[in-house]
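Below: one structure, written as structure tokens.
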Amino acid sequence: MTPDAVLVDGREGTQLSVLDRGLHYGDGLFETIACQRGRARFLSLHLNRLVQGCARLSIPAPAMQCLRAEIEQLVPSSGPALIKLIVTRGRASRRGYGPAGDEHPARVLLRYPASPDDPSLMRDGIVARFGRLRLGENPALAGIKHLNRLEQVLARVESDPSGALETLLFSSSGRLISGTMSNVFVVRDNEVATPRLDRCGVEGVMRRVLMRTATEAGLPVEEMRLTQTDLDSAQEVFLTNARIGIWPVRAIQARSLTPGPLTRRLQELMRPLLEARG
């Protein structure tokens, strides 16, 4: 899909230096921000995560007031859209992995038109599959949304005759981590759990919002080390990300599941937050 608006360092256009370290090394971060009803949804949380990621990578964070204004400039007055924000360390002034220290971070904003999601996916759930690829464990990068997404690319291009909409991924030590584009939650014996992401994976904004909302409603979510066995014993499974909200899982390969009462309760609790106007 082609973006219908692009800003590079606050200016309209598509010019980015061929020497940019984001291109050469994936040296940067990104956020995908859903726009609905004239607002950039959970914008402060996205920007907070960006700042945290910049600190982890020792990249100077953009001026937040300026960045927020640029994002809000791209938010359509009505209708859904997605804004992708990319921040890189900037143009390299020398060859090699090590930054020189004189780089100026680059910021790129792209707006994509988005069609309303198929309501049947939230109602009836989706089919997921297990990925053959195993995610590498690296605590230094765990949690942040860095530009190195080759593992997700490889998982997406795996042969899959099932037509599943999402692929569930485990780490090299066998821990359940996430989907290729989503965070995963399991319900067992009326308790909600989600994988601990201290070794790999992305701490999604929607994951954070759901955990906070659930806790406020008396449904605390436990972060824990989950394995294939935990997933196999789950009565309910659902996925989250900034665009989809909550997708129940109705099947994982040959195993059938039913969108259950806790998934439905959480969907209802999240609905006002997802549908609020700007």
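By convention here, the chains of the structure tokens are called A, B, ... in the order presented, each chain's residues are numbered starting at 1, and ligands are numbered starting at 1 in the order presented.
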What are the DSSP helix (DSSP H, G or I) residues of segment 50-170 of chain A, as a ChimeraX atom specification? /A:50-57,64-74,119-124,150-156
Selection near Arg250 of chain A, 6 Å with only C-alpha atoms, sequence-local residues under 5 positions removed, as a PyMOL selection string: chain A and resi 125-127+256-258
Writer output for current selection, N, CA and C atoms, as a PDB file, in the first residue's frame:
```
ATOM      1  N   GLY A 125     -13.482 -14.340  15.825  1.00  0.00           N
ATOM      2  CA  GLY A 125     -12.103 -14.738  16.060  1.00  0.00           C
ATOM      3  C   GLY A 125     -11.374 -15.119  14.791  1.00  0.00           C
ATOM      4  N   ILE A 126     -10.089 -15.353  14.936  1.00  0.00           N
ATOM      5  CA  ILE A 126      -9.236 -15.658  13.795  1.00  0.00           C
ATOM      6  C   ILE A 126      -8.575 -17.023  13.973  1.00  0.00           C
ATOM      7  N   VAL A 127      -8.012 -17.502  12.875  1.00  0.00           N
ATOM      8  CA  VAL A 127      -7.218 -18.729  12.896  1.00  0.00           C
ATOM      9  C   VAL A 127      -5.745 -18.334  12.990  1.00  0.00           C
ATOM     10  N   SER A 256      -9.521 -26.276  17.929  1.00  0.00           N
ATOM     11  CA  SER A 256     -10.575 -25.268  17.938  1.00  0.00           C
ATOM     12  C   SER A 256     -10.689 -24.638  19.322  1.00  0.00           C
ATOM     13  N   LEU A 257     -10.983 -23.340  19.328  1.00  0.00           N
ATOM     14  CA  LEU A 257     -11.212 -22.594  20.552  1.00  0.00           C
ATOM     15  C   LEU A 257     -12.481 -21.778  20.390  1.00  0.00           C
ATOM     16  N   THR A 258     -13.007 -21.317  21.511  1.00  0.00           N
ATOM     17  CA  THR A 258     -14.197 -20.470  21.481  1.00  0.00           C
ATOM     18  C   THR A 258     -13.877 -19.147  22.149  1.00  0.00           C
TER      19      THR A 258
END
```
DSSP-assigned strand (DSSP E or B) members of segment 163-203 of chain A, reported as a list in words: Glu166, Thr167, Leu168, Leu169, Phe170, Ser171, Leu176, Ile177, Ser178, Gly179, Asn183, Val184, Phe185, Val186, Val187, Arg188, Glu191, Val192, Ala193, Thr194, Pro195 and Val202 of chain A
Please indicate the distance in Å from atom CA of Pro161 of chain A to atom CA of Arg255 of chain A, rounded to one decimal place.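 Atom CA of Pro161 of chain A sits 15.7 Å away from atom CA of Arg255 of chain A.
For the set A:Gly10, A:Gly260, A:Pro105, A:Gly163, the residue with the smallest atom-to-atom gap to Leu29 of chain A is A:Pro105, counting only C-alpha atoms.
Minimum distance to Gly131 of chain A across A:Ile246, A:Leu168, A:Val108, A:Ala114 (counting only C-alpha atoms) occurs at A:Leu168.
Comparing A:Gly179, A:Pro195, A:Pro272, A:Gly13 by their smallest distance to Val153 of chain A, the closest is A:Gly179 (using only C-alpha atoms).
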When you look at segment 201-204 of chain A with a cut-off of 6 Å (counting only C-alpha atoms), what residues show up, excluding the ones that are within fewer than 5 positions of it in the same chain? I need them as an mmCIF file with C-alpha atoms, in the first residue's frame.
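This is the output file around34.cif:
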```cif
data_model
loop_
_atom_site.group_PDB
_atom_site.id
_atom_site.type_symbol
_atom_site.label_atom_id
_atom_site.label_comp_id
_atom_site.auth_asym_id
_atom_site.auth_seq_id
_atom_site.Cartn_x
_atom_site.Cartn_y
_atom_site.Cartn_z
ATOM 1 C CA ALA A 142 13.764 -6.958 24.484
ATOM 2 C CA GLY A 143 10.593 -4.907 24.659
ATOM 3 C CA ILE A 144 11.532 -2.070 22.286
ATOM 4 C CA LYS A 145 10.214 -1.695 18.735
#
```
